[in-house]
Amino acid sequence: MKLSELSSALAEKGFANTIEGDADLEIVSANTLDDARPGEISFLSNPKYKAKLNLTRASVVIVAHEETVPEGLTVLRTDNPYAGITAAIIIIHGYREHPQWGIDAQSRIADTAEIGKNANIGPFVTISEHVRIGKNAIIYPGCYIGDRVSIGDDVILYPNVTVYDDSRLGDRVALHAGTVVGQDGLGYAPFQGSWLKIPQVGRVVIDDDVEMGANCAVDRATLGETYIGKDTKFSDLVVIGHGTKLGERCMMVAQVGIAGSVEVGNDVTLAGQVGVAGHIRIGDNVLVHAKSAVWSSIEDDANYLGFPETRAFQYRRQAALVQKLPELRQRLRKLEAEVESLRQSIAGQN
Amino acid sequence: MKLSELSSALAEKGFANTIEGDADLEIVSANTLDDARPGEISFLSNPKYKAKLNLTRASVVIVAHEETVPEGLTVLRTDNPYAGITAAIIIIHGYREHPQWGIDAQSRIADTAEIGKNANIGPFVTISEHVRIGKNAIIYPGCYIGDRVSIGDDVILYPNVTVYDDSRLGDRVALHAGTVVGQDGLGYAPFQGSWLKIPQVGRVVIDDDVEMGANCAVDRATLGETYIGKDTKFSDLVVIGHGTKLGERCMMVAQVGIAGSVEVGNDVTLAGQVGVAGHIRIGDNVLVHAKSAVWSSIEDDANYLGFPETRAFQYRRQAALVQKLPELRQRLRKLEAEVESLRQSIAGQN
Amino acid sequence: MKLSELSSALAEKGFANTIEGDADLEIVSANTLDDARPGEISFLSNPKYKAKLNLTRASVVIVAHEETVPEGLTVLRTDNPYAGITAAIIIIHGYREHPQWGIDAQSRIADTAEIGKNANIGPFVTISEHVRIGKNAIIYPGCYIGDRVSIGDDVILYPNVTVYDDSRLGDRVALHAGTVVGQDGLGYAPFQGSWLKIPQVGRVVIDDDVEMGANCAVDRATLGETYIGKDTKFSDLVVIGHGTKLGERCMMVAQVGIAGSVEVGNDVTLAGQVGVAGHIRIGDNVLVHAKSAVWSSIEDDANYLGFPETRAFQYRRQAALVQKLPELRQRLRKLEAEVESLRQSIAGQN
């Protein structure tokens, strides 16, 4: 594809752009500034990597309108270079092409299930009674869909996904391999020296445009719903406890764990391995840094870090002081000796 | 169901109870005080939610005998409201009804396997040589059961569970989707600049009434047994290392990881994301708070928290002092200045 | 097997050894010093367990050449007792014997797939278009292998493993049940108030002799490769982010999570639940202790611990001082009172 053609395709997708340099360059792929080779398009989004513009072997770099660039480097200017390179990758490579199974003869689909048109269902898939699935579903081998599950249009379930009974998935939901939705949460009442299992009669609702990574687990609610809001994205091995409700456009990075009955607002990012205690509320537009332990509710627009969670700038100051504890103790000892010496000297005067 | 009928059913299950108010109310479901609507029964167990009694729309609330309640609220009094609501949910909703497959023609069962009566085995299940399974087994699609596995009565394996060769599961064990039992642990000896794999020739034994959440992993022992005691419950993504032994009635909350050769007593709760180092012992009746790192053995009846683990009340004091470090340093600086000033003033006197 | 026969078999495998005691003893199994019974061989590798030599019921113990041992105990001396017991276990027990399926009639193998000789492929396995698999492959039930995947010789995929399209696995790779390789990482660009998915067009390459535990997840690269070096071993539930590259002979203990675009050297051990932030470098021969959070790059030959990571000896000193914070504050208060008293006494003198 010529750079001029890519430029037109970007403009069609809403990315107004201008080329400075050779519009006839042939573009075959996209890559980072470090790894790009001739024939590849790259991008500069984070100003801290600006020096790499001088070293990159990329044929073209997507940059912001105001960016100054080395002489002789062909650039494509647009408002948002990160979204721009994303659109370029979509144009050049497209998304994954899925195998075509039709409705495979070795899948097991209950007579009472309603499957929308254009379904693509692999072998060894089980679809249970009274399931409803919208159009264009792609269901990879080994998936299990329980009784009365409701699934929207354009959903992708990768291999070996399990969706328990009564769960509801919106449109364009994608669940990667091994992810489990709707299993029973940890609900037991102590009774006569043993545990009495609390029936988990609630369900899971996953709203439109949610994508989850591999081997995640979302508990069904004990009563009511566990809810994942529109356009929220999970990485791998994320766990959501029963009755927890997540807002829209959240990012749950790998190995995040949220206990039960938590409310999470919109536009929240929990970085890798963050843990959140039960029965609290996290506001809108919150960032919690990796591996932090959130014990208490967090207000809107906050940035937290630590164990327990602390405002990030305070935590960094505390952590720096903890590293200075040996020095602080030394200063304390010195002071103690000086005060003792002063006391003796005063005592000597009297 | 009328409240009077529910009351009788509870009494039959061993929950002596009395109704105060309208015994003819129709009860259709159970819910929390916050979410309950008319027709629902709720409960008050934790006194900190007592004020909610004034606001709830629940038709009936289960409370303790001594609880004072707002005038006009119909209540059902019993000894243990939390177990009582659990029993009410069991009476009203029951537990999950499983699909009925009989022994599905598309399952693969070895001729040498012995399956007890009333088995319910879904499609795409593999049951290997010399497996023995008790009566009333429910095995969902996609499960794999390895050679010589022994399974008790009334076991439920949810979809895509893997049980490796030689594992033993007791009666009424339930494993949720994606859970893996009996894989090789991390056992290698350094040898000639590479790793020599140690054959993992032990097995996993899971005792009666154990339930595990989704996507857990329990390593087989290198030699001997990894053991999970009776009535112990796991949430999701819990990992147990090779040769570790857990006692009875423990609770392993989501994402707990225990290394190899650990001994855990009875009635131990490890909260979410707790990690436990290898070759140590955790006593009976221990609580470790979420995300703590347990590096050393813990005595019976203890309550730990932190990284490394610390008695919880001490940890909370330390954490509070860490937050005061900036203030402590300020006080230290001020003292240093004052002592210097005192010294000069004494030097001036002499 | 007689001890003399075991001794010869060890010598053949390169473990020169000498017997002191009864070479005719019958050896049926291997075990730890604590658990061994008569007829079992054990070993002493860590000197801190030396006292157990007096108590063990093992018939024979493998010890180092220089080790002093109780009178009457039969020992087998060799250079490296830990590798020696490993070799003894291999000789006595061997590795797992796998079921024999041939190429099962209930597997689904695309016409365009090339499968090497002596393949052993179970039921309910899906092998997609243009897959190439070397000789002696063992693929357990429920595995899914995507389009254009390339797999070497002598590979073992345990049940319900998913290998996404375009992944490459070397020779002798073993992936335990539920592990997922090649799913999309968390890649989205913010665009017009929503998330625009970045096509994940890279792949995963797993080099020879890698073994992974159960329910792990390795993201494909956005562009280029996620790479796992030769002879690197994972325990269970390990997560590797997109574009990350691991060296040779690393050990990733259970629940380790590494973010994207990280470079890890050779011979690195990350203990259980360690988290590593994105876009950093960990040198060769690094040890990071359990549950640490690695925020910054780490130099070669280092030993780190903490949150954030700190040189281990420094962290231990800091942690000890944090535990002494109540005492330090007490000393500070005492000093403040003394200084105040000194000042008054000086003021009184003037």
# chains A, B, ... in the order shown; residues from 1 in each chain; ligands from 1
>>> interface_residues(of="chain B", to="chain C", cutoff="8 Å", atoms="only C-alpha atoms", output="number ranges by chain")
B: 108, 124, 126, 128, 142, 144, 147, 160, 162, 178, 180, 183-186, 189-191, 194-201, 215-217, 223-224, 237, 239, 257, 259, 275, 277, 293, 317-318, 321-322, 328, 332, 335, 338-339, 342, 346
>>> residues_around(residues="Asn17 (chain A)", least_positions_apart="3", cutoff="9 Å", atoms="only C-alpha atoms", output="list of chain:residue names")
A:Ser7, A:Ser8, A:Leu10, A:Ala11, A:His65, A:Leu76, A:Arg77, A:Thr78, A:Asp79
>>> write_last_selection(atoms="N, CA and C atoms", output="tab-separated table (two decimals), in the first residue's frame")
chain	number	residue	atom	x	y	z
A	7	SER	N	-2.97	7.25	3.72
A	7	SER	CA	-3.44	8.57	4.15
A	7	SER	C	-4.92	8.76	3.83
A	8	SER	N	-5.31	8.37	2.63
A	8	SER	CA	-6.73	8.50	2.26
A	8	SER	C	-7.61	7.60	3.12
A	10	LEU	N	-7.02	6.59	6.12
A	10	LEU	CA	-7.10	7.18	7.46
A	10	LEU	C	-8.11	8.32	7.47
A	11	ALA	N	-8.07	9.16	6.46
A	11	ALA	CA	-8.99	10.29	6.38
A	11	ALA	C	-10.44	9.79	6.36
A	65	HIS	N	0.60	17.39	14.99
A	65	HIS	CA	0.74	18.51	14.05
A	65	HIS	C	1.92	19.41	14.41
A	76	LEU	N	3.61	11.64	8.74
A	76	LEU	CA	2.17	11.82	8.51
A	76	LEU	C	1.65	12.49	9.77
A	77	ARG	N	1.12	13.70	9.63
A	77	ARG	CA	0.68	14.46	10.81
A	77	ARG	C	-0.81	14.29	11.03
A	78	THR	N	-1.18	14.09	12.29
A	78	THR	CA	-2.60	13.96	12.65
A	78	THR	C	-2.78	14.39	14.10
A	79	ASP	N	-4.03	14.54	14.55
A	79	ASP	CA	-4.29	15.04	15.90
A	79	ASP	C	-3.77	14.12	16.99
>>> select_by_dssp(residues="region 169-327 of chain B", states="strand (DSSP E)", output="PyMOL selection string")
chain B and resi 169+174-175+180-183+188-191+194-197+203-206+211-212+217-219+225-228+233-234+239-240+245-246+251-252+257-258+263-264+269-270+275-276+281-282+287-288+293-294+303-305+310-311
